[in-house]
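Participant: Input file: run-v8.pdb. Contents: PDB, C-alpha atoms and all ligand atoms.
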ATOM      1  CA  MET R 165       5.231 -16.520 -14.990  1.00  0.00           C
ATOM      2  CA  LEU R 166       2.707 -14.278 -13.216  1.00  0.00           C
ATOM      3  CA  PHE R 167      -0.285 -12.325 -14.544  1.00  0.00           C
ATOM      4  CA  ASP R 168      -1.059  -9.137 -12.613  1.00  0.00           C
ATOM      5  CA  THR R 169      -4.669  -8.489 -13.634  1.00  0.00           C
ATOM      6  CA  HIS R 170      -4.983  -4.932 -12.288  1.00  0.00           C
ATOM      7  CA  VAL R 171      -2.257  -2.283 -12.433  1.00  0.00           C
ATOM      8  CA  HIS R 172      -2.245   1.492 -12.738  1.00  0.00           C
ATOM      9  CA  LEU R 173       1.178   1.949 -14.316  1.00  0.00           C
ATOM     10  CA  ASN R 174      -0.573   4.740 -16.213  1.00  0.00           C
ATOM     11  CA  VAL R 175      -0.748   7.136 -13.230  1.00  0.00           C
ATOM     12  CA  LYS R 176       1.648   9.950 -12.379  1.00  0.00           C
ATOM     13  CA  GLN R 177       3.168   8.067  -9.413  1.00  0.00           C
ATOM     14  CA  PHE R 178       5.157   6.122 -12.029  1.00  0.00           C
ATOM     15  CA  ASP R 179       6.188   9.042 -14.255  1.00  0.00           C
ATOM     16  CA  GLU R 180       9.704   9.214 -12.837  1.00  0.00           C
ATOM     17  CA  ASP R 181      10.717   5.581 -13.166  1.00  0.00           C
ATOM     18  CA  ARG R 182       8.121   3.663 -15.193  1.00  0.00           C
ATOM     19  CA  GLU R 183      10.698   1.799 -17.290  1.00  0.00           C
ATOM     20  CA  GLU R 184      12.559   0.596 -14.197  1.00  0.00           C
ATOM     21  CA  VAL R 185       9.293  -0.542 -12.622  1.00  0.00           C
ATOM     22  CA  ILE R 186       8.507  -2.576 -15.761  1.00  0.00           C
ATOM     23  CA  LYS R 187      11.998  -4.066 -15.696  1.00  0.00           C
ATOM     24  CA  ARG R 188      11.645  -5.086 -12.043  1.00  0.00           C
ATOM     25  CA  ALA R 189       8.270  -6.675 -12.820  1.00  0.00           C
ATOM     26  CA  LYS R 190       9.803  -8.823 -15.534  1.00  0.00           C
ATOM     27  CA  GLU R 191      12.703  -9.791 -13.272  1.00  0.00           C
ATOM     28  CA  ALA R 192      10.169 -10.897 -10.651  1.00  0.00           C
ATOM     29  CA  GLY R 193       8.419 -13.076 -13.271  1.00  0.00           C
ATOM     30  CA  VAL R 194       5.443 -10.758 -13.733  1.00  0.00           C
ATOM     31  CA  THR R 195       5.322 -11.034 -17.509  1.00  0.00           C
ATOM     32  CA  HIS R 196       1.643 -10.273 -18.140  1.00  0.00           C
ATOM     33  CA  MET R 197      -0.546  -7.432 -16.903  1.00  0.00           C
ATOM     34  CA  VAL R 198      -3.707  -5.458 -17.553  1.00  0.00           C
ATOM     35  CA  ILE R 199      -3.316  -1.699 -17.231  1.00  0.00           C
ATOM     36  CA  VAL R 200      -6.566  -0.178 -16.070  1.00  0.00           C
ATOM     37  CA  GLY R 201      -7.646   3.269 -17.294  1.00  0.00           C
ATOM     38  CA  PHE R 202     -10.471   4.998 -15.464  1.00  0.00           C
ATOM     39  CA  ASP R 203     -10.705   8.632 -16.659  1.00  0.00           C
ATOM     40  CA  HIS R 204      -9.720  11.054 -19.466  1.00  0.00           C
ATOM     41  CA  GLU R 205      -6.039  11.016 -18.576  1.00  0.00           C
ATOM     42  CA  THR R 206      -5.414   7.400 -17.657  1.00  0.00           C
ATOM     43  CA  ILE R 207      -7.345   5.677 -20.457  1.00  0.00           C
ATOM     44  CA  PRO R 208      -5.134   6.843 -23.379  1.00  0.00           C
ATOM     45  CA  ARG R 209      -2.029   6.064 -21.303  1.00  0.00           C
ATOM     46  CA  ALA R 210      -3.245   2.543 -20.561  1.00  0.00           C
ATOM     47  CA  ILE R 211      -3.698   1.895 -24.268  1.00  0.00           C
ATOM     48  CA  LYS R 212      -0.311   3.376 -25.120  1.00  0.00           C
ATOM     49  CA  LEU R 213       1.492   1.189 -22.570  1.00  0.00           C
ATOM     50  CA  ALA R 214      -0.346  -1.870 -23.874  1.00  0.00           C
ATOM     51  CA  GLU R 215       0.646  -0.995 -27.438  1.00  0.00           C
ATOM     52  CA  GLU R 216       4.289  -0.532 -26.487  1.00  0.00           C
ATOM     53  CA  ASN R 217       4.775  -3.704 -24.437  1.00  0.00           C
ATOM     54  CA  GLU R 218       4.323  -7.340 -25.353  1.00  0.00           C
ATOM     55  CA  ASN R 219       1.872  -9.165 -23.053  1.00  0.00           C
ATOM     56  CA  PHE R 220       0.564  -5.908 -21.602  1.00  0.00           C
ATOM     57  CA  TYR R 221      -3.144  -5.297 -22.152  1.00  0.00           C
ATOM     58  CA  ALA R 222      -5.577  -2.487 -21.354  1.00  0.00           C
ATOM     59  CA  ALA R 223      -8.963  -2.172 -19.675  1.00  0.00           C
ATOM     60  CA  VAL R 224     -10.993   0.989 -20.161  1.00  0.00           C
ATOM     61  CA  GLY R 225     -13.832   2.221 -17.980  1.00  0.00           C
ATOM     62  CA  TRP R 226     -15.151   5.008 -15.844  1.00  0.00           C
ATOM     63  CA  HIS R 227     -14.460   5.010 -12.093  1.00  0.00           C
ATOM     64  CA  PRO R 228     -17.570   5.348  -9.883  1.00  0.00           C
ATOM     65  CA  VAL R 229     -15.975   8.162  -7.847  1.00  0.00           C
ATOM     66  CA  ASP R 230     -16.021  10.271 -11.038  1.00  0.00           C
ATOM     67  CA  ALA R 231     -19.435   9.103 -12.261  1.00  0.00           C
ATOM     68  CA  ILE R 232     -20.686  12.690 -12.099  1.00  0.00           C
ATOM     69  CA  ASP R 233     -18.372  13.586 -15.030  1.00  0.00           C
ATOM     70  CA  PHE R 234     -19.627  10.783 -17.289  1.00  0.00           C
ATOM     71  CA  THR R 235     -21.755  11.801 -20.282  1.00  0.00           C
ATOM     72  CA  GLU R 236     -22.884  10.295 -23.582  1.00  0.00           C
ATOM     73  CA  LYS R 237     -19.593  11.520 -25.009  1.00  0.00           C
ATOM     74  CA  GLU R 238     -17.545   9.330 -22.652  1.00  0.00           C
ATOM     75  CA  LEU R 239     -19.844   6.393 -23.328  1.00  0.00           C
ATOM     76  CA  ALA R 240     -19.292   6.734 -27.083  1.00  0.00           C
ATOM     77  CA  TRP R 241     -15.541   7.044 -26.500  1.00  0.00           C
ATOM     78  CA  LEU R 242     -15.453   3.801 -24.494  1.00  0.00           C
ATOM     79  CA  GLU R 243     -17.408   2.054 -27.230  1.00  0.00           C
ATOM     80  CA  GLU R 244     -14.917   3.210 -29.843  1.00  0.00           C
ATOM     81  CA  LEU R 245     -11.952   2.023 -27.734  1.00  0.00           C
ATOM     82  CA  ALA R 246     -13.555  -1.351 -27.037  1.00  0.00           C
ATOM     83  CA  SER R 247     -12.595  -2.570 -30.495  1.00  0.00           C
ATOM     84  CA  HIS R 248      -8.885  -1.804 -30.005  1.00  0.00           C
ATOM     85  CA  PRO R 249      -6.989  -5.124 -30.257  1.00  0.00           C
ATOM     86  CA  LYS R 250      -5.234  -4.598 -26.909  1.00  0.00           C
ATOM     87  CA  VAL R 251      -8.396  -3.722 -24.952  1.00  0.00           C
ATOM     88  CA  VAL R 252      -9.422  -6.923 -23.172  1.00  0.00           C
ATOM     89  CA  ALA R 253     -12.044  -5.677 -20.698  1.00  0.00           C
ATOM     90  CA  LEU R 254     -14.237  -2.741 -19.722  1.00  0.00           C
ATOM     91  CA  GLY R 255     -13.649  -1.199 -16.312  1.00  0.00           C
ATOM     92  CA  GLU R 256     -12.962  -0.419 -13.743  1.00  0.00           C
ATOM     93  CA  MET R 257     -16.601   0.377 -13.075  1.00  0.00           C
ATOM     94  CA  GLY R 258     -18.905  -0.158 -10.120  1.00  0.00           C
ATOM     95  CA  LEU R 259     -19.945   1.635  -6.941  1.00  0.00           C
ATOM     96  CA  ASP R 260     -17.889   3.441  -4.318  1.00  0.00           C
ATOM     97  CA  TYR R 261     -19.877   4.587  -1.294  1.00  0.00           C
ATOM     98  CA  HIS R 262     -16.796   5.615   0.649  1.00  0.00           C
ATOM     99  CA  TRP R 263     -16.375   8.892  -1.258  1.00  0.00           C
ATOM    100  CA  ASP R 264     -19.275  11.238  -1.946  1.00  0.00           C
ATOM    101  CA  LYS R 265     -18.094  13.179  -5.020  1.00  0.00           C
ATOM    102  CA  SER R 266     -20.750  11.388  -7.113  1.00  0.00           C
ATOM    103  CA  PRO R 267     -24.243  10.735  -5.693  1.00  0.00           C
ATOM    104  CA  LYS R 268     -25.251   7.078  -5.417  1.00  0.00           C
ATOM    105  CA  ALA R 269     -28.033   7.411  -8.006  1.00  0.00           C
ATOM    106  CA  ILE R 270     -25.581   8.748 -10.608  1.00  0.00           C
ATOM    107  CA  GLN R 271     -23.020   6.052  -9.798  1.00  0.00           C
ATOM    108  CA  LYS R 272     -25.676   3.378 -10.326  1.00  0.00           C
ATOM    109  CA  GLU R 273     -26.767   4.856 -13.643  1.00  0.00           C
ATOM    110  CA  VAL R 274     -23.180   5.079 -14.971  1.00  0.00           C
ATOM    111  CA  PHE R 275     -22.485   1.538 -13.772  1.00  0.00           C
ATOM    112  CA  ARG R 276     -25.575   0.225 -15.604  1.00  0.00           C
ATOM    113  CA  LYS R 277     -24.635   2.030 -18.817  1.00  0.00           C
ATOM    114  CA  GLN R 278     -21.174   0.492 -18.793  1.00  0.00           C
ATOM    115  CA  ILE R 279     -22.531  -3.018 -18.210  1.00  0.00           C
ATOM    116  CA  GLN R 280     -24.933  -2.496 -21.119  1.00  0.00           C
ATOM    117  CA  LEU R 281     -22.012  -1.406 -23.285  1.00  0.00           C
ATOM    118  CA  ALA R 282     -19.957  -4.448 -22.238  1.00  0.00           C
ATOM    119  CA  ARG R 283     -22.804  -6.731 -23.300  1.00  0.00           C
ATOM    120  CA  LYS R 284     -23.070  -4.884 -26.605  1.00  0.00           C
ATOM    121  CA  VAL R 285     -19.329  -5.188 -27.397  1.00  0.00           C
ATOM    122  CA  ASN R 286     -19.000  -8.567 -25.660  1.00  0.00           C
ATOM    123  CA  LEU R 287     -16.140  -7.810 -23.262  1.00  0.00           C
ATOM    124  CA  PRO R 288     -15.763  -8.904 -19.616  1.00  0.00           C
ATOM    125  CA  ILE R 289     -16.039  -6.240 -16.914  1.00  0.00           C
ATOM    126  CA  ILE R 290     -13.813  -5.261 -13.968  1.00  0.00           C
ATOM    127  CA  ILE R 291     -15.797  -4.318 -10.877  1.00  0.00           C
ATOM    128  CA  HIS R 292     -14.724  -1.818  -8.234  1.00  0.00           C
ATOM    129  CA  ASN R 293     -16.786  -2.258  -5.069  1.00  0.00           C
ATOM    130  CA  ARG R 294     -16.344  -0.190  -1.971  1.00  0.00           C
ATOM    131  CA  GLU R 295     -18.975  -0.530   0.746  1.00  0.00           C
ATOM    132  CA  ALA R 296     -21.654  -1.287  -1.856  1.00  0.00           C
ATOM    133  CA  THR R 297     -21.900  -5.084  -2.133  1.00  0.00           C
ATOM    134  CA  GLU R 298     -25.701  -5.422  -2.004  1.00  0.00           C
ATOM    135  CA  ASP R 299     -26.280  -2.775  -4.687  1.00  0.00           C
ATOM    136  CA  ILE R 300     -23.501  -4.201  -6.883  1.00  0.00           C
ATOM    137  CA  MET R 301     -25.102  -7.635  -6.662  1.00  0.00           C
ATOM    138  CA  THR R 302     -28.553  -6.273  -7.570  1.00  0.00           C
ATOM    139  CA  ILE R 303     -27.295  -4.298 -10.570  1.00  0.00           C
ATOM    140  CA  LEU R 304     -25.182  -7.195 -11.890  1.00  0.00           C
ATOM    141  CA  GLN R 305     -28.283  -9.377 -11.751  1.00  0.00           C
ATOM    142  CA  GLU R 306     -30.695  -6.849 -13.253  1.00  0.00           C
ATOM    143  CA  GLU R 307     -28.308  -6.009 -16.101  1.00  0.00           C
ATOM    144  CA  ASN R 308     -27.531  -9.667 -16.888  1.00  0.00           C
ATOM    145  CA  ALA R 309     -23.817  -9.139 -16.326  1.00  0.00           C
ATOM    146  CA  ALA R 310     -23.361 -12.920 -16.284  1.00  0.00           C
ATOM    147  CA  ASP R 311     -23.522 -12.788 -20.089  1.00  0.00           C
ATOM    148  CA  VAL R 312     -20.040 -11.234 -20.134  1.00  0.00           C
ATOM    149  CA  GLY R 313     -18.707 -12.067 -16.649  1.00  0.00           C
ATOM    150  CA  GLY R 314     -15.564 -10.483 -15.324  1.00  0.00           C
ATOM    151  CA  ILE R 315     -13.578  -9.745 -12.181  1.00  0.00           C
ATOM    152  CA  MET R 316     -14.430  -8.676  -8.654  1.00  0.00           C
ATOM    153  CA  HIS R 317     -11.281  -6.600  -8.312  1.00  0.00           C
ATOM    154  CA  CYS R 318      -9.368  -6.382  -5.040  1.00  0.00           C
ATOM    155  CA  TYR R 319     -12.034  -8.541  -3.430  1.00  0.00           C
ATOM    156  CA  ASN R 320     -12.591  -7.352   0.098  1.00  0.00           C
ATOM    157  CA  ASP R 321     -15.909  -8.905   1.076  1.00  0.00           C
ATOM    158  CA  SER R 322     -16.558 -11.895   3.260  1.00  0.00           C
ATOM    159  CA  ALA R 323     -16.314 -15.395   1.830  1.00  0.00           C
ATOM    160  CA  GLU R 324     -20.093 -15.845   2.013  1.00  0.00           C
ATOM    161  CA  TYR R 325     -20.649 -13.723  -1.130  1.00  0.00           C
ATOM    162  CA  VAL R 326     -18.092 -15.600  -3.226  1.00  0.00           C
ATOM    163  CA  PRO R 327     -20.466 -18.335  -4.495  1.00  0.00           C
ATOM    164  CA  ALA R 328     -22.993 -15.724  -5.670  1.00  0.00           C
ATOM    165  CA  PHE R 329     -20.368 -13.786  -7.628  1.00  0.00           C
ATOM    166  CA  ILE R 330     -18.991 -16.986  -9.131  1.00  0.00           C
ATOM    167  CA  GLY R 331     -22.547 -17.983 -10.030  1.00  0.00           C
ATOM    168  CA  MET R 332     -22.754 -14.743 -12.027  1.00  0.00           C
ATOM    169  CA  ASN R 333     -19.667 -15.711 -14.021  1.00  0.00           C
ATOM    170  CA  PHE R 334     -17.151 -13.628 -12.041  1.00  0.00           C
ATOM    171  CA  TYR R 335     -13.585 -14.314 -10.968  1.00  0.00           C
ATOM    172  CA  ILE R 336     -12.261 -13.294  -7.549  1.00  0.00           C
ATOM    173  CA  SER R 337      -9.088 -11.206  -7.647  1.00  0.00           C
ATOM    174  CA  LEU R 338      -6.974 -10.879  -4.515  1.00  0.00           C
ATOM    175  CA  GLY R 339      -4.431  -8.158  -3.872  1.00  0.00           C
ATOM    176  CA  GLY R 340      -2.116  -6.828  -1.166  1.00  0.00           C
ATOM    177  CA  PRO R 341      -4.639  -7.003   1.714  1.00  0.00           C
ATOM    178  CA  VAL R 342      -4.423 -10.830   1.669  1.00  0.00           C
ATOM    179  CA  SER R 343      -0.936 -10.381   3.150  1.00  0.00           C
ATOM    180  CA  PHE R 344      -1.842  -7.832   5.839  1.00  0.00           C
ATOM    181  CA  LYS R 345      -1.319  -9.236   9.318  1.00  0.00           C
ATOM    182  CA  ASN R 346      -4.685  -8.052  10.663  1.00  0.00           C
ATOM    183  CA  ALA R 347      -6.759  -8.918   7.553  1.00  0.00           C
ATOM    184  CA  THR R 348      -8.869 -11.995   8.235  1.00  0.00           C
ATOM    185  CA  LEU R 349     -11.517 -11.737   5.482  1.00  0.00           C
ATOM    186  CA  PRO R 350      -9.225 -11.914   2.422  1.00  0.00           C
ATOM    187  CA  LYS R 351      -7.301 -14.790   4.012  1.00  0.00           C
ATOM    188  CA  GLU R 352     -10.510 -16.793   4.400  1.00  0.00           C
ATOM    189  CA  VAL R 353     -11.424 -15.960   0.825  1.00  0.00           C
ATOM    190  CA  ALA R 354      -7.980 -16.993  -0.434  1.00  0.00           C
ATOM    191  CA  LYS R 355      -8.503 -20.442   1.045  1.00  0.00           C
ATOM    192  CA  MET R 356     -11.996 -21.075  -0.326  1.00  0.00           C
ATOM    193  CA  VAL R 357     -12.109 -19.623  -3.863  1.00  0.00           C
ATOM    194  CA  PRO R 358     -12.235 -22.488  -6.394  1.00  0.00           C
ATOM    195  CA  ALA R 359      -8.872 -22.756  -8.159  1.00  0.00           C
ATOM    196  CA  ASP R 360     -10.409 -22.007 -11.547  1.00  0.00           C
ATOM    197  CA  ARG R 361     -11.830 -18.659 -10.323  1.00  0.00           C
ATOM    198  CA  LEU R 362      -8.810 -17.168  -8.576  1.00  0.00           C
ATOM    199  CA  LEU R 363      -6.807 -14.175  -9.854  1.00  0.00           C
ATOM    200  CA  ILE R 364      -3.944 -12.039  -8.547  1.00  0.00           C
ATOM    201  CA  GLU R 365      -3.546  -8.273  -8.777  1.00  0.00           C
ATOM    202  CA  THR R 366      -1.474  -5.537  -7.209  1.00  0.00           C
ATOM    203  CA  ASP R 367      -3.800  -2.535  -7.907  1.00  0.00           C
ATOM    204  CA  CYS R 368      -0.508  -0.628  -7.848  1.00  0.00           C
ATOM    205  CA  PRO R 369       0.397   2.073  -6.824  1.00  0.00           C
ATOM    206  CA  PHE R 370      -2.110   1.360  -4.030  1.00  0.00           C
ATOM    207  CA  LEU R 371      -2.298  -1.373  -1.384  1.00  0.00           C
ATOM    208  CA  ALA R 372       1.279  -2.677  -1.358  1.00  0.00           C
ATOM    209  CA  PRO R 373       1.506  -6.131   0.246  1.00  0.00           C
ATOM    210  CA  HIS R 374       3.411  -6.950   3.427  1.00  0.00           C
ATOM    211  CA  PRO R 375       6.359  -6.229   3.968  1.00  0.00           C
ATOM    212  CA  LYS R 376       6.046  -3.250   1.591  1.00  0.00           C
ATOM    213  CA  ARG R 377       2.796  -2.049   3.159  1.00  0.00           C
ATOM    214  CA  GLY R 378       2.482   1.747   3.132  1.00  0.00           C
ATOM    215  CA  LYS R 379       4.984   2.146   0.295  1.00  0.00           C
ATOM    216  CA  ARG R 380       4.188   2.654  -3.390  1.00  0.00           C
ATOM    217  CA  ASN R 381       3.022  -0.668  -4.776  1.00  0.00           C
ATOM    218  CA  GLU R 382       4.330  -2.022  -8.114  1.00  0.00           C
ATOM    219  CA  PRO R 383       3.675  -5.093 -10.314  1.00  0.00           C
ATOM    220  CA  ALA R 384       6.822  -6.920  -9.093  1.00  0.00           C
ATOM    221  CA  TYR R 385       5.072  -7.317  -5.737  1.00  0.00           C
ATOM    222  CA  ALA R 386       2.467  -9.593  -7.333  1.00  0.00           C
ATOM    223  CA  ALA R 387       5.012 -12.288  -6.476  1.00  0.00           C
ATOM    224  CA  LEU R 388       4.565 -11.525  -2.742  1.00  0.00           C
ATOM    225  CA  ILE R 389       0.796 -11.875  -3.122  1.00  0.00           C
ATOM    226  CA  ALA R 390       1.177 -15.203  -4.945  1.00  0.00           C
ATOM    227  CA  GLU R 391       3.469 -16.463  -2.170  1.00  0.00           C
ATOM    228  CA  LYS R 392       0.972 -15.519   0.524  1.00  0.00           C
ATOM    229  CA  ILE R 393      -1.926 -17.207  -1.281  1.00  0.00           C
ATOM    230  CA  ALA R 394       0.199 -20.327  -1.819  1.00  0.00           C
ATOM    231  CA  GLU R 395       1.005 -20.421   1.903  1.00  0.00           C
ATOM    232  CA  LEU R 396      -2.681 -20.062   2.842  1.00  0.00           C
ATOM    233  CA  ARG R 397      -3.793 -22.755   0.390  1.00  0.00           C
ATOM    234  CA  GLU R 398      -0.823 -24.990   1.279  1.00  0.00           C
ATOM    235  CA  VAL R 399       0.267 -25.485  -2.324  1.00  0.00           C
ATOM    236  CA  PRO R 400       3.505 -24.600  -4.165  1.00  0.00           C
ATOM    237  CA  VAL R 401       3.707 -20.986  -5.358  1.00  0.00           C
ATOM    238  CA  GLU R 402       4.326 -22.271  -8.913  1.00  0.00           C
ATOM    239  CA  ASP R 403       0.826 -23.786  -8.845  1.00  0.00           C
ATOM    240  CA  ILE R 404      -0.733 -20.463  -7.854  1.00  0.00           C
ATOM    241  CA  ALA R 405       1.240 -18.703 -10.586  1.00  0.00           C
ATOM    242  CA  SER R 406       0.168 -21.134 -13.289  1.00  0.00           C
ATOM    243  CA  ILE R 407      -3.520 -21.421 -12.362  1.00  0.00           C
ATOM    244  CA  THR R 408      -3.973 -17.656 -12.012  1.00  0.00           C
ATOM    245  CA  LYS R 409      -2.227 -17.118 -15.349  1.00  0.00           C
ATOM    246  CA  GLU R 410      -4.460 -19.728 -17.026  1.00  0.00           C
ATOM    247  CA  ASN R 411      -7.541 -18.152 -15.463  1.00  0.00           C
ATOM    248  CA  ALA R 412      -6.584 -14.684 -16.690  1.00  0.00           C
ATOM    249  CA  ASP R 413      -5.868 -15.985 -20.207  1.00  0.00           C
ATOM    250  CA  ARG R 414      -9.292 -17.657 -20.284  1.00  0.00           C
ATOM    251  CA  LEU R 415     -11.163 -14.644 -18.906  1.00  0.00           C
ATOM    252  CA  PHE R 416      -9.471 -12.119 -21.232  1.00  0.00           C
ATOM    253  CA  ARG R 417      -9.674 -14.617 -24.137  1.00  0.00           C
ATOM    254  CA  LEU R 418      -5.976 -14.433 -24.920  1.00  0.00           C
ATOM    255  CA  ASN R 419      -5.745 -17.986 -26.251  1.00  0.00           C
ATOM    256  CA  ASP R 420      -8.238 -17.548 -29.065  1.00  0.00           C
TER     257      ASP R 420
HETATM  258 ZN    ZN M 501     -10.637  -0.076  -7.828  1.00  0.00          ZN
HETATM  259 ZN    ZN M 502      -7.830   0.089  -9.751  1.00  0.00          ZN
END
Any chance you could give the structure as structure tokens?
Facilitator:
Amino acid sequence: MLFDTHVHLNVKQFDEDREEVIKRAKEAGVTHMVIVGFDHETIPRAIKLAEENENFYAAVGWHPVDAIDFTEKELAWLEELASHPKVVALGEMGLDYHWDKSPKAIQKEVFRKQIQLARKVNLPIIIHNREATEDIMTILQEENAADVGGIMHCYNDSAEYVPAFIGMNFYISLGGPVSFKNATLPKEVAKMVPADRLLIETDCPFLAPHPKRGKRNEPAYAALIAEKIAELREVPVEDIASITKENADRLFRLND
């Protein structure tokens, strides 16, 4: 049994064959997943997919690239959705300095507002970080994000930051890049993350793992990521599957 903690089955890249993709995931043992909505279109679809499928859950948030479109109206909408029984986290949210659609100051403000909302509704948060580690760290500290904790999604930083994020009550989620031949950072991270803080995600349709690199990613490939992490940590893949599933259940409070 595998838990893919970050999928975008709600995007148009899956419109043609979504049901087959879900079937392949189940055949590969990927029984649990969180579908992440990040804008007007993908949020309702994430909730619908979670409602229609057993063991599928939703996360709702506003992507930093689109921070410029976020108003009080979207904030109120997220608050309303937070009480839906299948919504287990807020996000993805964070900072993305790679794209410049939204100025940094606006991204920071929208990130802070979503953390404040998460603390108000008491849900963990899913963090998207691209080229913004120092600012992410500062904002998480200033906004007391440790009160809710959450996930550093598709973790792509060096291992040296891992203890600080864990200290703030975050889990480290590894995706396809851990399997890329030339990727040294995520491999180091895969070896050193404490077992009780490790998660697996595909972030599909993006970042397909080796040997599917460059193709459309899908939840079934979470199995390839689990295999790679098991190889790096020199443990059986079943162990990686069970600890990451337990971790996800604990974080999303699915046992309560
Ligand atoms: Zn992301
Ligand atoms: Zn994502």
Participant: Got a sec to resolve the PyMOL selection byres (((chain R and resi 198) around 9) and not hetatm) on this structure and send the residues as a PDB file with C-alpha atoms, in the coordinates of the input?
Facilitator:
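Generated file (part_23.pdb):
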ATOM      1  CA  PHE R 167      -0.285 -12.325 -14.544  1.00  0.00           C
ATOM      2  CA  ASP R 168      -1.059  -9.137 -12.613  1.00  0.00           C
ATOM      3  CA  THR R 169      -4.669  -8.489 -13.634  1.00  0.00           C
ATOM      4  CA  HIS R 170      -4.983  -4.932 -12.288  1.00  0.00           C
ATOM      5  CA  VAL R 171      -2.257  -2.283 -12.433  1.00  0.00           C
ATOM      6  CA  HIS R 172      -2.245   1.492 -12.738  1.00  0.00           C
ATOM      7  CA  HIS R 196       1.643 -10.273 -18.140  1.00  0.00           C
ATOM      8  CA  MET R 197      -0.546  -7.432 -16.903  1.00  0.00           C
ATOM      9  CA  ILE R 199      -3.316  -1.699 -17.231  1.00  0.00           C
ATOM     10  CA  VAL R 200      -6.566  -0.178 -16.070  1.00  0.00           C
ATOM     11  CA  ALA R 210      -3.245   2.543 -20.561  1.00  0.00           C
ATOM     12  CA  ALA R 214      -0.346  -1.870 -23.874  1.00  0.00           C
ATOM     13  CA  ASN R 219       1.872  -9.165 -23.053  1.00  0.00           C
ATOM     14  CA  PHE R 220       0.564  -5.908 -21.602  1.00  0.00           C
ATOM     15  CA  TYR R 221      -3.144  -5.297 -22.152  1.00  0.00           C
ATOM     16  CA  ALA R 222      -5.577  -2.487 -21.354  1.00  0.00           C
ATOM     17  CA  ALA R 223      -8.963  -2.172 -19.675  1.00  0.00           C
ATOM     18  CA  VAL R 251      -8.396  -3.722 -24.952  1.00  0.00           C
ATOM     19  CA  VAL R 252      -9.422  -6.923 -23.172  1.00  0.00           C
ATOM     20  CA  ALA R 253     -12.044  -5.677 -20.698  1.00  0.00           C
TER      21      ALA R 253
END
Participant: Skip Val194 of chain R itself and residues of its chain fewer than 6 positions away, then list as a list in words all residues within 10 Å of it, counting only C-alpha atoms.
Facilitator: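 Result of the neighbour search: Met165, Leu166, Phe167, Asp168, Ile186, Lys187, Arg188, Pro383, Ala384, Tyr385, Ala386, Ala387 and Ala405 of chain R.
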Participant: Hey, which of R:Asn346, R:Ser406, R:Asn286, R:Ser337 ends up closest to ligand ZN 502 (chain M)? Count only C-alpha atoms and all ligand atoms.
Facilitator: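 Checking each of R:Asn346, R:Ser406, R:Asn286, R:Ser337 against ligand ZN 502 (chain M), counting only C-alpha atoms and all ligand atoms, the winner is R:Ser337.
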Participant: Report as a list in words the residues that result from applying the PyMOL selection byres (((chain R and resi 239) around 10) and not hetatm) to the structure here.
Facilitator: Gly225, Trp226, Phe234, Thr235, Glu236, Lys237, Glu238, Ala240, Trp241, Leu242, Glu243, Glu244, Val274, Lys277, Gln278 and Leu281 of chain R
Participant: What gap, in Å, lies between atom CA of His317 of chain R and atom CA of Arg209 of chain R?
Facilitator: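 Separation between atom CA of His317 of chain R and atom CA of Arg209 of chain R: 20.4 Å.
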Participant: Which centre and which edge lengths, in Å to one decimal, describe the axis-aligned box that holds all listed atoms of segment 295-304 of chain R after 4 Å is added on each side, as AutoDock Vina command-line options?
Facilitator:
--center_x -23.8 --center_y -4.1 --center_z -5.6 --size_x 17.6 --size_y 15.1 --size_z 20.6
Participant: I'd like to know which of R:Pro249, R:Pro341, R:Gly331, R:Gly255 is closest to Glu215 of chain R, using all atoms listed in the file.
Facilitator: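 Checking each of R:Pro249, R:Pro341, R:Gly331, R:Gly255 against Glu215 of chain R, counting all atoms listed in the file, the winner is R:Pro249.
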Participant: Which one is closest to ligand ZN 502 (chain M): R:Glu273, R:Glu256, R:Glu306, R:Glu191? Count all atoms listed in the file.
Facilitator: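 Closest to ligand ZN 502 (chain M) of all the choices is R:Glu256.
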Participant: Using the chain letters and residue numbers of this document, give as a PyMOL selection string the residues selected by the PyMOL selection byres (((chain R and resi 303) around 10) and not hetatm).
Facilitator: chain R and resi 258+272-273+275-276+279+298-302+304-309
Participant: One number please: atom CA of Leu338 of chain R to atom CA of Pro369 of chain R, in Å, one decimal.
Facilitator: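 That distance, rounded to one decimal, is 15.1 Å.
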Participant: In Å, with one decimal, what is the gap from atom CA of Phe344 of chain R to atom CA of Lys190 of chain R?
Facilitator: 24.4 Å
Participant: Identify which of the residues R:Ile232, R:Cys318, R:Ile207, R:Ala296 lies closest to ligand ZN 501 (chain M), counting all atoms listed in the file when measuring atom-to-atom distances.
Facilitator: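 Of all the options, R:Cys318 lies closest to ligand ZN 501 (chain M).
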Participant: Using all atoms listed in the file, pick whichever of R:Lys176, R:Lys351, R:His262, R:Arg361 has the shortest atom-to-atom distance to ligand ZN 501 (chain M).
Facilitator: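 Distance minimum relative to ligand ZN 501 (chain M) lands on R:His262.
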